[in-house]
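Asker: This is my_file-v3.pdb (PDB, C-alpha atoms).
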```pdb
MODEL        1
ATOM      1  CA  MET A   1      14.469  58.741   6.498
ATOM      2  CA  MET A   2      16.627  58.984   9.621
ATOM      3  CA  GLN A   3      14.051  57.055  11.553
ATOM      4  CA  SER A   4      13.941  54.155   9.124
ATOM      5  CA  GLN A   5      17.728  53.988   8.946
ATOM      6  CA  ILE A   6      17.922  53.746  12.698
ATOM      7  CA  SER A   7      15.273  51.066  12.888
ATOM      8  CA  GLN A   8      16.998  49.181  10.063
ATOM      9  CA  ARG A   9      20.228  49.233  11.996
ATOM     10  CA  SER A  10      18.602  48.261  15.240
ATOM     11  CA  LEU A  11      16.930  45.336  13.503
ATOM     12  CA  ARG A  12      20.292  44.118  12.260
ATOM     13  CA  THR A  13      21.816  44.477  15.698
ATOM     14  CA  ARG A  14      18.907  42.641  17.241
ATOM     15  CA  ARG A  15      19.193  39.813  14.745
ATOM     16  CA  LEU A  16      22.926  39.566  15.294
ATOM     17  CA  THR A  17      22.373  39.322  19.036
ATOM     18  CA  MET A  18      19.594  36.785  18.581
ATOM     19  CA  SER A  19      21.775  34.690  16.248
ATOM     20  CA  ALA A  20      24.543  34.630  18.828
ATOM     21  CA  MET A  21      22.082  33.587  21.519
ATOM     22  CA  PHE A  22      20.557  30.965  19.277
ATOM     23  CA  ALA A  23      23.971  29.518  18.444
ATOM     24  CA  THR A  24      24.737  29.305  22.164
ATOM     25  CA  LEU A  25      21.391  27.690  22.879
ATOM     26  CA  ALA A  26      21.883  25.156  20.082
ATOM     27  CA  LEU A  27      25.336  24.344  21.439
ATOM     28  CA  ILE A  28      23.900  23.798  24.918
ATOM     29  CA  PHE A  29      21.226  21.508  23.477
ATOM     30  CA  THR A  30      23.909  19.512  21.722
ATOM     31  CA  TYR A  31      25.762  19.205  25.008
ATOM     32  CA  VAL A  32      22.627  18.141  26.887
ATOM     33  CA  GLU A  33      22.122  15.472  24.273
ATOM     34  CA  VAL A  34      25.662  14.186  24.710
ATOM     35  CA  LEU A  35      24.912  13.888  28.438
ATOM     36  CA  ILE A  36      21.817  11.738  27.973
ATOM     37  CA  PRO A  37      23.040   8.200  27.503
ATOM     38  CA  TYR A  38      20.855   6.225  25.188
ATOM     39  CA  ASN A  39      21.901   3.418  22.996
ATOM     40  CA  LEU A  40      19.366   1.900  20.656
ATOM     41  CA  GLY A  41      21.903  -0.355  18.998
ATOM     42  CA  VAL A  42      22.350   1.790  15.915
ATOM     43  CA  PRO A  43      24.829   4.637  15.831
ATOM     44  CA  GLY A  44      23.271   7.919  14.799
ATOM     45  CA  VAL A  45      19.823   7.467  16.334
ATOM     46  CA  LYS A  46      19.180  10.552  18.395
ATOM     47  CA  LEU A  47      16.641  13.246  19.023
ATOM     48  CA  GLY A  48      18.447  16.245  17.579
ATOM     49  CA  LEU A  49      17.416  18.802  20.198
ATOM     50  CA  ALA A  50      19.564  21.455  18.547
ATOM     51  CA  ASN A  51      17.309  21.265  15.514
ATOM     52  CA  LEU A  52      14.633  22.942  17.623
ATOM     53  CA  VAL A  53      16.659  26.115  17.633
ATOM     54  CA  ILE A  54      17.531  25.844  13.957
ATOM     55  CA  ILE A  55      13.900  25.446  12.894
ATOM     56  CA  ILE A  56      12.766  28.446  14.900
ATOM     57  CA  ALA A  57      15.643  30.468  13.450
ATOM     58  CA  LEU A  58      14.628  29.347   9.958
ATOM     59  CA  TYR A  59      11.037  30.426  10.499
ATOM     60  CA  GLU A  60      11.559  33.616  12.456
ATOM     61  CA  MET A  61      14.732  34.987  10.924
ATOM     62  CA  ASP A  62      15.975  33.718   7.602
ATOM     63  CA  PHE A  63      17.735  30.871   5.844
ATOM     64  CA  LYS A  64      21.007  32.835   6.037
ATOM     65  CA  TYR A  65      20.790  33.183   9.795
ATOM     66  CA  ALA A  66      19.680  29.611  10.361
ATOM     67  CA  MET A  67      22.572  28.319   8.237
ATOM     68  CA  THR A  68      25.121  30.456  10.049
ATOM     69  CA  ILE A  69      23.806  29.391  13.449
ATOM     70  CA  ASN A  70      23.824  25.760  12.368
ATOM     71  CA  VAL A  71      27.373  25.805  11.007
ATOM     72  CA  ILE A  72      28.688  27.632  14.078
ATOM     73  CA  ARG A  73      26.979  25.144  16.351
ATOM     74  CA  ILE A  74      28.370  22.130  14.511
ATOM     75  CA  MET A  75      31.906  23.544  14.386
ATOM     76  CA  LEU A  76      31.891  24.362  18.080
ATOM     77  CA  SER A  77      30.348  21.089  19.201
ATOM     78  CA  GLY A  78      32.773  19.233  16.935
ATOM     79  CA  LEU A  79      35.731  20.962  18.527
ATOM     80  CA  LEU A  80      34.346  20.639  22.046
ATOM     81  CA  PHE A  81      32.863  17.164  22.258
ATOM     82  CA  ALA A  82      32.597  15.070  19.149
ATOM     83  CA  GLY A  83      35.949  15.383  17.392
ATOM     84  CA  VAL A  84      36.796  16.652  13.944
ATOM     85  CA  PHE A  85      35.695  13.520  12.125
ATOM     86  CA  ALA A  86      32.249  13.475  13.669
ATOM     87  CA  MET A  87      32.076  17.152  12.750
ATOM     88  CA  LEU A  88      32.292  16.167   9.101
ATOM     89  CA  TYR A  89      29.245  13.888   9.390
ATOM     90  CA  SER A  90      27.262  16.466  11.313
ATOM     91  CA  LEU A  91      28.185  19.174   8.861
ATOM     92  CA  SER A  92      26.971  17.236   5.843
ATOM     93  CA  GLY A  93      23.797  16.157   7.615
ATOM     94  CA  GLY A  94      23.129  19.589   9.043
ATOM     95  CA  ILE A  95      23.654  21.556   5.841
ATOM     96  CA  LEU A  96      21.731  19.106   3.662
ATOM     97  CA  SER A  97      18.778  18.955   6.034
ATOM     98  CA  LEU A  98      18.632  22.722   6.421
ATOM     99  CA  ILE A  99      18.564  23.205   2.639
ATOM    100  CA  VAL A 100      15.735  20.682   2.292
ATOM    101  CA  MET A 101      13.802  22.249   5.160
ATOM    102  CA  TRP A 102      14.221  25.669   3.577
ATOM    103  CA  PHE A 103      12.837  24.423   0.251
ATOM    104  CA  LEU A 104       9.866  22.728   1.902
ATOM    105  CA  LYS A 105       9.146  25.831   3.934
ATOM    106  CA  LYS A 106       9.288  27.966   0.796
ATOM    107  CA  THR A 107       6.644  25.832  -0.937
ATOM    108  CA  GLY A 108       4.269  26.871   1.839
ATOM    109  CA  LYS A 109       2.502  23.520   1.659
ATOM    110  CA  PHE A 110       4.040  22.015   4.776
ATOM    111  CA  SER A 111       3.631  22.805   8.437
ATOM    112  CA  MET A 112       6.573  23.053  10.801
ATOM    113  CA  ILE A 113       6.048  19.405  11.706
ATOM    114  CA  GLY A 114       6.349  18.196   8.121
ATOM    115  CA  VAL A 115       9.375  20.385   7.520
ATOM    116  CA  SER A 116      11.060  19.072  10.646
ATOM    117  CA  MET A 117      10.224  15.471   9.726
ATOM    118  CA  ALA A 118      11.854  15.817   6.304
ATOM    119  CA  GLY A 119      14.796  17.540   7.955
ATOM    120  CA  GLY A 120      15.267  14.637  10.349
ATOM    121  CA  VAL A 121      15.326  12.047   7.593
ATOM    122  CA  VAL A 122      17.615  14.060   5.309
ATOM    123  CA  HIS A 123      19.969  14.749   8.200
ATOM    124  CA  ASN A 124      20.457  11.035   8.753
ATOM    125  CA  MET A 125      20.826  10.473   5.031
ATOM    126  CA  GLY A 126      23.542  13.110   4.738
ATOM    127  CA  GLN A 127      25.490  11.636   7.632
ATOM    128  CA  LEU A 128      25.245   8.173   6.189
ATOM    129  CA  LEU A 129      26.437   9.392   2.791
ATOM    130  CA  VAL A 130      29.584  10.844   4.297
ATOM    131  CA  ALA A 131      30.105   7.781   6.477
ATOM    132  CA  ALA A 132      29.850   5.594   3.372
ATOM    133  CA  LEU A 133      32.327   7.849   1.597
ATOM    134  CA  VAL A 134      34.758   7.782   4.496
ATOM    135  CA  VAL A 135      34.917   4.010   4.704
ATOM    136  CA  SER A 136      34.373   3.721   0.923
ATOM    137  CA  ASN A 137      31.719   1.142   1.506
ATOM    138  CA  LEU A 138      28.111   1.282   0.391
ATOM    139  CA  LYS A 139      27.216  -1.450   2.882
ATOM    140  CA  MET A 140      26.801   1.330   5.439
ATOM    141  CA  PHE A 141      23.330   1.664   4.001
ATOM    142  CA  VAL A 142      22.092  -1.356   5.968
ATOM    143  CA  TYR A 143      21.501   1.214   8.697
ATOM    144  CA  PHE A 144      19.412   3.312   6.381
ATOM    145  CA  PRO A 145      15.900   1.892   7.053
ATOM    146  CA  ILE A 146      16.307   2.331  10.792
ATOM    147  CA  LEU A 147      17.655   5.797  10.300
ATOM    148  CA  VAL A 148      14.682   6.708   8.090
ATOM    149  CA  PHE A 149      12.245   5.710  10.830
ATOM    150  CA  SER A 150      14.232   7.317  13.617
ATOM    151  CA  GLY A 151      14.500  10.459  11.511
ATOM    152  CA  ILE A 152      10.734  10.549  11.038
ATOM    153  CA  ALA A 153      10.043  10.013  14.738
ATOM    154  CA  ALA A 154      12.614  12.517  15.980
ATOM    155  CA  GLY A 155      11.560  15.027  13.332
ATOM    156  CA  ILE A 156       7.909  14.867  14.348
ATOM    157  CA  CYS A 157       8.733  15.254  18.063
ATOM    158  CA  ILE A 158      10.994  18.222  17.402
ATOM    159  CA  GLY A 159       8.481  19.702  14.957
ATOM    160  CA  ILE A 160       5.647  19.641  17.491
ATOM    161  CA  VAL A 161       7.797  21.173  20.218
ATOM    162  CA  ALA A 162       9.147  23.790  17.809
ATOM    163  CA  TYR A 163       5.608  24.722  16.805
ATOM    164  CA  VAL A 164       4.486  25.110  20.415
ATOM    165  CA  ILE A 165       7.531  27.200  21.285
ATOM    166  CA  ASP A 166       7.176  29.297  18.144
ATOM    167  CA  GLN A 167       3.626  30.235  19.154
ATOM    168  CA  ARG A 168       4.868  31.534  22.486
ATOM    169  CA  VAL A 169       8.074  33.321  21.527
ATOM    170  CA  PRO A 170       7.456  37.087  21.379
ATOM    171  CA  LYS A 171       7.736  38.059  17.721
ATOM    172  CA  GLN A 172       9.213  41.490  18.412
ATOM    173  CA  LEU A 173      12.437  39.725  19.336
ATOM    174  CA  PHE A 174      13.077  39.229  15.658
ATOM    175  CA  ARG A 175      11.712  42.294  13.935
TER     176      ARG A 175
ATOM    177  CA  MET B   1      -3.145  21.553  17.849
ATOM    178  CA  PHE B   2      -3.845  18.920  15.184
ATOM    179  CA  LYS B   3      -5.185  21.563  12.828
ATOM    180  CA  VAL B   4      -1.585  22.564  12.221
ATOM    181  CA  ILE B   5      -0.836  19.414  10.308
ATOM    182  CA  LYS B   6      -1.431  19.965   6.610
ATOM    183  CA  LYS B   7      -2.327  17.547   3.856
ATOM    184  CA  ALA B   8       1.161  17.716   2.379
ATOM    185  CA  ASP B   9       2.612  16.679   5.756
ATOM    186  CA  ILE B  10       0.586  13.490   5.742
ATOM    187  CA  VAL B  11       1.518  12.721   2.133
ATOM    188  CA  LEU B  12       5.191  13.218   2.978
ATOM    189  CA  PHE B  13       4.822  11.055   6.092
ATOM    190  CA  VAL B  14       3.289   8.205   4.116
ATOM    191  CA  ILE B  15       5.944   8.446   1.396
ATOM    192  CA  LEU B  16       8.766   8.337   3.955
ATOM    193  CA  ILE B  17       7.209   5.395   5.790
ATOM    194  CA  VAL B  18       6.838   3.480   2.511
ATOM    195  CA  ILE B  19      10.472   4.188   1.612
ATOM    196  CA  GLY B  20      11.549   3.015   5.070
ATOM    197  CA  LEU B  21       9.471  -0.154   4.888
ATOM    198  CA  GLY B  22      10.696  -0.881   1.377
ATOM    199  CA  LEU B  23      14.297  -0.555   2.442
ATOM    200  CA  SER B  24      13.817  -2.746   5.511
ATOM    201  CA  TRP B  25      12.098  -5.350   3.373
ATOM    202  CA  LEU B  26      15.062  -5.315   1.017
ATOM    203  CA  SER B  27      17.492  -5.868   3.849
ATOM    204  CA  VAL B  28      15.396  -8.598   5.469
ATOM    205  CA  ALA B  29      14.755 -10.431   2.178
ATOM    206  CA  SER B  30      18.429 -10.885   1.544
ATOM    207  CA  LYS B  31      19.173 -12.694   4.815
ATOM    208  CA  VAL B  32      21.462 -15.673   4.299
ATOM    209  CA  THR B  33      24.080 -17.186   6.542
ATOM    210  CA  GLY B  34      27.462 -16.257   5.162
ATOM    211  CA  GLN B  35      30.693 -18.171   4.797
ATOM    212  CA  THR B  36      33.496 -15.649   4.829
ATOM    213  CA  ALA B  37      34.354 -12.443   6.603
ATOM    214  CA  VAL B  38      35.915  -9.812   4.378
ATOM    215  CA  VAL B  39      37.882  -7.128   6.163
ATOM    216  CA  THR B  40      38.317  -3.753   4.531
ATOM    217  CA  VAL B  41      40.613  -1.082   5.907
ATOM    218  CA  ASN B  42      40.487   2.439   4.571
ATOM    219  CA  GLY B  43      38.490   1.242   1.559
ATOM    220  CA  GLN B  44      41.077  -1.377   0.621
ATOM    221  CA  GLU B  45      40.686  -5.081   1.126
ATOM    222  CA  TYR B  46      42.748  -6.299   4.045
ATOM    223  CA  GLY B  47      41.925  -9.967   4.110
ATOM    224  CA  THR B  48      39.313 -12.705   3.844
ATOM    225  CA  TYR B  49      38.701 -15.161   6.654
ATOM    226  CA  SER B  50      36.586 -18.302   6.663
ATOM    227  CA  LEU B  51      33.812 -18.431   9.226
ATOM    228  CA  SER B  52      34.258 -22.157   9.730
ATOM    229  CA  ARG B  53      37.653 -21.790  11.397
ATOM    230  CA  ASN B  54      37.793 -20.325  14.898
ATOM    231  CA  GLN B  55      40.454 -17.650  15.138
ATOM    232  CA  THR B  56      41.323 -14.226  16.460
ATOM    233  CA  VAL B  57      42.846 -11.711  14.084
ATOM    234  CA  THR B  58      44.587  -8.486  15.019
ATOM    235  CA  ILE B  59      44.467  -5.634  12.518
ATOM    236  CA  LYS B  60      47.162  -3.032  12.999
ATOM    237  CA  GLN B  61      47.222  -0.008  10.697
ATOM    238  CA  ASN B  62      48.033   3.706  10.958
ATOM    239  CA  GLY B  63      48.414   3.463  14.712
ATOM    240  CA  HIS B  64      44.954   1.915  15.114
ATOM    241  CA  THR B  65      44.399  -1.556  16.477
ATOM    242  CA  ASN B  66      41.333  -3.742  16.043
ATOM    243  CA  LYS B  67      40.874  -7.337  17.056
ATOM    244  CA  PHE B  68      38.085  -9.595  15.899
ATOM    245  CA  THR B  69      37.250 -13.155  16.752
ATOM    246  CA  ILE B  70      35.590 -15.807  14.635
ATOM    247  CA  LYS B  71      33.843 -18.421  16.725
ATOM    248  CA  ASN B  72      31.228 -21.016  15.744
ATOM    249  CA  GLY B  73      30.455 -19.231  12.495
ATOM    250  CA  TYR B  74      30.019 -15.799  14.079
ATOM    251  CA  VAL B  75      32.284 -12.780  13.830
ATOM    252  CA  GLN B  76      32.652 -10.346  16.646
ATOM    253  CA  MET B  77      34.859  -7.314  17.192
ATOM    254  CA  THR B  78      36.575  -7.950  20.504
ATOM    255  CA  TYR B  79      39.003  -5.063  20.784
ATOM    256  CA  SER B  80      39.235  -1.633  19.220
ATOM    257  CA  SER B  81      41.503   1.282  19.978
ATOM    258  CA  CYS B  82      38.750   3.706  18.985
ATOM    259  CA  LYS B  83      36.921   5.808  21.531
ATOM    260  CA  ASN B  84      33.242   5.026  20.980
ATOM    261  CA  HIS B  85      33.376   1.204  20.748
ATOM    262  CA  ILE B  86      30.236   1.074  18.629
ATOM    263  CA  CYS B  87      31.831  -1.760  16.672
ATOM    264  CA  ILE B  88      32.222  -3.837  19.830
ATOM    265  CA  GLU B  89      28.695  -3.117  21.011
ATOM    266  CA  LYS B  90      27.391  -4.316  17.653
ATOM    267  CA  GLY B  91      27.969  -7.867  18.897
ATOM    268  CA  LYS B  92      28.303 -10.957  16.726
ATOM    269  CA  ILE B  93      27.111 -11.329  13.147
ATOM    270  CA  ASN B  94      26.811 -14.216  10.690
ATOM    271  CA  GLN B  95      24.389 -13.142   7.945
ATOM    272  CA  THR B  96      25.470 -12.265   4.432
ATOM    273  CA  ASN B  97      25.782  -8.522   3.897
ATOM    274  CA  GLN B  98      25.816  -7.828   7.618
ATOM    275  CA  SER B  99      28.759  -5.737   8.660
ATOM    276  CA  ILE B 100      30.631  -4.361  11.619
ATOM    277  CA  VAL B 101      31.938  -0.902  10.984
ATOM    278  CA  CYS B 102      34.519   0.928  13.058
ATOM    279  CA  LEU B 103      34.336   4.434  11.651
ATOM    280  CA  PRO B 104      37.135   6.034  13.706
ATOM    281  CA  ASN B 105      39.620   3.375  12.591
ATOM    282  CA  LYS B 106      38.025   2.977   9.132
ATOM    283  CA  VAL B 107      37.720  -0.779   9.523
ATOM    284  CA  VAL B 108      34.814  -2.688   7.985
ATOM    285  CA  ILE B 109      34.115  -6.383   8.490
ATOM    286  CA  GLU B 110      31.577  -7.771   6.071
ATOM    287  CA  ILE B 111      30.032 -11.196   5.804
ATOM    288  CA  GLN B 112      29.932 -12.644   2.321
ATOM    289  CA  GLY B 113      29.057 -15.854   0.568
ATOM    290  CA  GLY B 114      26.285 -18.291   1.309
ATOM    291  CA  ASN B 115      23.443 -19.621  -0.795
ATOM    292  CA  SER B 116      22.422 -16.356  -2.301
ATOM    293  CA  LYS B 117      20.216 -16.123  -5.347
ATOM    294  CA  TYR B 118      23.058 -14.392  -7.132
ATOM    295  CA  ASP B 119      26.608 -15.608  -7.561
ATOM    296  CA  ALA B 120      27.879 -12.067  -7.612
ATOM    297  CA  ILE B 121      26.585  -8.579  -7.976
ATOM    298  CA  SER B 122      28.734  -6.296 -10.032
ATOM    299  CA  ASN B 123      28.717  -2.634  -9.302
TER     300      ASN B 123
ENDMDL
END
```
The structure in this file should be written as structure tokens.
Answerer:
Amino acid sequence: MMQSQISQRSLRTRRLTMSAMFATLALIFTYVEVLIPYNLGVPGVKLGLANLVIIIALYEMDFKYAMTINVIRIMLSGLLFAGVFAMLYSLSGGILSLIVMWFLKKTGKFSMIGVSMAGGVVHNMGQLLVAALVVSNLKMFVYFPILVFSGIAAGICIGIVAYVIDQRVPKQLFR
Amino acid sequence: MFKVIKKADIVLFVILIVIGLGLSWLSVASKVTGQTAVVTVNGQEYGTYSLSRNQTVTIKQNGHTNKFTIKNGYVQMTYSSCKNHICIEKGKINQTNQSIVCLPNKVVIEIQGGNSKYDAISN
């Protein structure tokens, strides 16, 4: 009884520590991405390195933890680099994509790569939705096809890397 | 490594690609040279400018400034007080339904008119 209580508590502490580290790591990834200058002509096309951390958190910890890490990361990066408005786009994209990824993961039919791919596309969709709302103009959706493809490509890249990393991360970190 | 990919992944991939292709086809199919530039600020119409007259227009609102130029039937954003300047990098446009969007300043320039199949689309 005592023993299990202690291990329960130590698990929670470990997860709390891991979440904090993950949030930091995700924030650093966001920063690294801001540093890499690439311009493909369409705003919003990017790799989404931070999603790497979020996917591993989703798989190894829980939806709750992944969501918390994600929201903390977006808030901090919004305050630090992107500005409050960009935070709004990221927040909608990030939350929407995480919910979709969680559902796909729960079905058990998809691998990490498929989950990440869907996440990439939905992330772009969520951002575009808010952008269209902000300027009250549905014409924003001319960017949509490009963002679908870039979401697929980025999602697959991130999914493969996340899978490889997930195989190598010691599991006792999380349980 | 490739054993990881499941059947459902491939199905999802194909579906997404088809959606993407369908959407790009839709946007390519509706390519027509436009006649007017409609400027929207904050969701409200600001003004309509003919593409056949060369001019430079300055939009001043809520402390934001944007300048666009119409030249030889093309519209181009030439100045913006926003930070990212995505609207300026977008370059010049002249096709119907093309648009230049400056999100930070909430300014949208849209091309309209031209020999479209439809006179108007209500929505």
Asker: Which residues would end up in the selection if the PyMOL selection byres ((chain B and resi 15) around 12) were applied here, given that I need the answer as a count of residues only?
Answerer: 21
Asker: Considering all atoms listed in the file, can you say which of B:Gly113, B:Thr56, B:His85, B:Met77 comes closest to chain A?
Answerer: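 Of all the options, B:His85 lies closest to chain A.
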Asker: Could you write out as an mmCIF file with C-alpha atoms, keeping the file's coordinate frame the residues of chain B within 8 Å of chain A, counting all atoms listed in the file?
Answerer:
```
data_model
loop_
_atom_site.group_PDB
_atom_site.id
_atom_site.type_symbol
_atom_site.label_atom_id
_atom_site.label_comp_id
_atom_site.auth_asym_id
_atom_site.auth_seq_id
_atom_site.Cartn_x
_atom_site.Cartn_y
_atom_site.Cartn_z
ATOM 1 C CA VAL B 4 -1.585 22.564 12.221
ATOM 2 C CA ILE B 5 -0.836 19.414 10.308
ATOM 3 C CA LYS B 6 -1.431 19.965 6.610
ATOM 4 C CA LYS B 7 -2.327 17.547 3.856
ATOM 5 C CA ALA B 8 1.161 17.716 2.379
ATOM 6 C CA ASP B 9 2.612 16.679 5.756
ATOM 7 C CA ILE B 10 0.586 13.490 5.742
ATOM 8 C CA LEU B 12 5.191 13.218 2.978
ATOM 9 C CA PHE B 13 4.822 11.055 6.092
ATOM 10 C CA LEU B 16 8.766 8.337 3.955
ATOM 11 C CA ILE B 17 7.209 5.395 5.790
ATOM 12 C CA GLY B 20 11.549 3.015 5.070
ATOM 13 C CA LEU B 21 9.471 -0.154 4.888
ATOM 14 C CA LEU B 23 14.297 -0.555 2.442
ATOM 15 C CA SER B 24 13.817 -2.746 5.511
ATOM 16 C CA SER B 27 17.492 -5.868 3.849
ATOM 17 C CA VAL B 41 40.613 -1.082 5.907
ATOM 18 C CA ASN B 42 40.487 2.439 4.571
ATOM 19 C CA GLY B 43 38.490 1.242 1.559
ATOM 20 C CA ILE B 86 30.236 1.074 18.629
ATOM 21 C CA GLU B 89 28.695 -3.117 21.011
ATOM 22 C CA LYS B 90 27.391 -4.316 17.653
ATOM 23 C CA ASN B 97 25.782 -8.522 3.897
ATOM 24 C CA GLN B 98 25.816 -7.828 7.618
ATOM 25 C CA SER B 99 28.759 -5.737 8.660
ATOM 26 C CA VAL B 101 31.938 -0.902 10.984
ATOM 27 C CA LEU B 103 34.336 4.434 11.651
ATOM 28 C CA PRO B 104 37.135 6.034 13.706
ATOM 29 C CA LYS B 106 38.025 2.977 9.132
ATOM 30 C CA VAL B 107 37.720 -0.779 9.523
ATOM 31 C CA VAL B 108 34.814 -2.688 7.985
#
```
Asker: Between CA of Arg73 in chain A and CA of Leu88 in chain A, what is the distance, to one decimal in Å?
Answerer: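 Atom-to-atom, CA of Arg73 in chain A to CA of Leu88 in chain A, that is 12.7 Å.
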Asker: May I ask which of the residues B:Asn66, B:Gln44, B:Thr58, B:Asn72 is the closest one to Cys102 in chain B, counting all atoms listed in the file?
Answerer: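 Once distances to Cys102 in chain B are computed over all atoms listed in the file, the minimum belongs to B:Asn66.
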Asker: When the PyMOL selection byres ((chain A and resi 61) around 12) is applied to the file above, which residues end up in the set, as a PDB file with C-alpha atoms, in the frame of the given file?
Answerer:
```
ATOM      1  CA  LEU A  11      16.930  45.336  13.503  1.00  0.00           C
ATOM      2  CA  ARG A  12      20.292  44.118  12.260  1.00  0.00           C
ATOM      3  CA  ARG A  14      18.907  42.641  17.241  1.00  0.00           C
ATOM      4  CA  ARG A  15      19.193  39.813  14.745  1.00  0.00           C
ATOM      5  CA  LEU A  16      22.926  39.566  15.294  1.00  0.00           C
ATOM      6  CA  THR A  17      22.373  39.322  19.036  1.00  0.00           C
ATOM      7  CA  MET A  18      19.594  36.785  18.581  1.00  0.00           C
ATOM      8  CA  SER A  19      21.775  34.690  16.248  1.00  0.00           C
ATOM      9  CA  PHE A  22      20.557  30.965  19.277  1.00  0.00           C
ATOM     10  CA  VAL A  53      16.659  26.115  17.633  1.00  0.00           C
ATOM     11  CA  ILE A  54      17.531  25.844  13.957  1.00  0.00           C
ATOM     12  CA  ILE A  55      13.900  25.446  12.894  1.00  0.00           C
ATOM     13  CA  ILE A  56      12.766  28.446  14.900  1.00  0.00           C
ATOM     14  CA  ALA A  57      15.643  30.468  13.450  1.00  0.00           C
ATOM     15  CA  LEU A  58      14.628  29.347   9.958  1.00  0.00           C
ATOM     16  CA  TYR A  59      11.037  30.426  10.499  1.00  0.00           C
ATOM     17  CA  GLU A  60      11.559  33.616  12.456  1.00  0.00           C
ATOM     18  CA  ASP A  62      15.975  33.718   7.602  1.00  0.00           C
ATOM     19  CA  PHE A  63      17.735  30.871   5.844  1.00  0.00           C
ATOM     20  CA  LYS A  64      21.007  32.835   6.037  1.00  0.00           C
ATOM     21  CA  TYR A  65      20.790  33.183   9.795  1.00  0.00           C
ATOM     22  CA  ALA A  66      19.680  29.611  10.361  1.00  0.00           C
ATOM     23  CA  MET A  67      22.572  28.319   8.237  1.00  0.00           C
ATOM     24  CA  THR A  68      25.121  30.456  10.049  1.00  0.00           C
ATOM     25  CA  ILE A  69      23.806  29.391  13.449  1.00  0.00           C
ATOM     26  CA  TRP A 102      14.221  25.669   3.577  1.00  0.00           C
ATOM     27  CA  ASP A 166       7.176  29.297  18.144  1.00  0.00           C
ATOM     28  CA  LYS A 171       7.736  38.059  17.721  1.00  0.00           C
ATOM     29  CA  GLN A 172       9.213  41.490  18.412  1.00  0.00           C
ATOM     30  CA  LEU A 173      12.437  39.725  19.336  1.00  0.00           C
ATOM     31  CA  PHE A 174      13.077  39.229  15.658  1.00  0.00           C
ATOM     32  CA  ARG A 175      11.712  42.294  13.935  1.00  0.00           C
TER      33      ARG A 175
END
```
Asker: Might I get the box with edges along x, y and z of the file that holds all atoms of range 119-138 of chain A listed there, padded by 5 Å on every side, given as centre and edge lengths in Å to one decimal, as lines of an AutoDock Vina configuration file?
Answerer:
```
center_x = 24.9
center_y = 9.3
center_z = 5.4
size_x = 30.1
size_y = 26.4
size_z = 20.0
```
Asker: Once the PyMOL selection byres ((chain B and resi 94) around 12) has been evaluated on this model, what residues remain selected, and can you format them as a PyMOL selection string?
Answerer: chain B and resi 31-38+50-52+70-76+91-93+95-100+109-114
Asker: Between CA of Asn84 in chain B and CA of Phe81 in chain A, what distance in Å does the model show, to one decimal?
Answerer: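 Here the two named atoms are 12.2 Å from each other.
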Asker: Let me make sure I understand: among A:Asn70, A:Thr24, A:Ser92, A:Thr13, which one has the smallest atom-to-atom distance to Leu129 in chain A if we use all atoms listed in the file?
Answerer: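 So, comparing all the options, the nearest one is A:Ser92.
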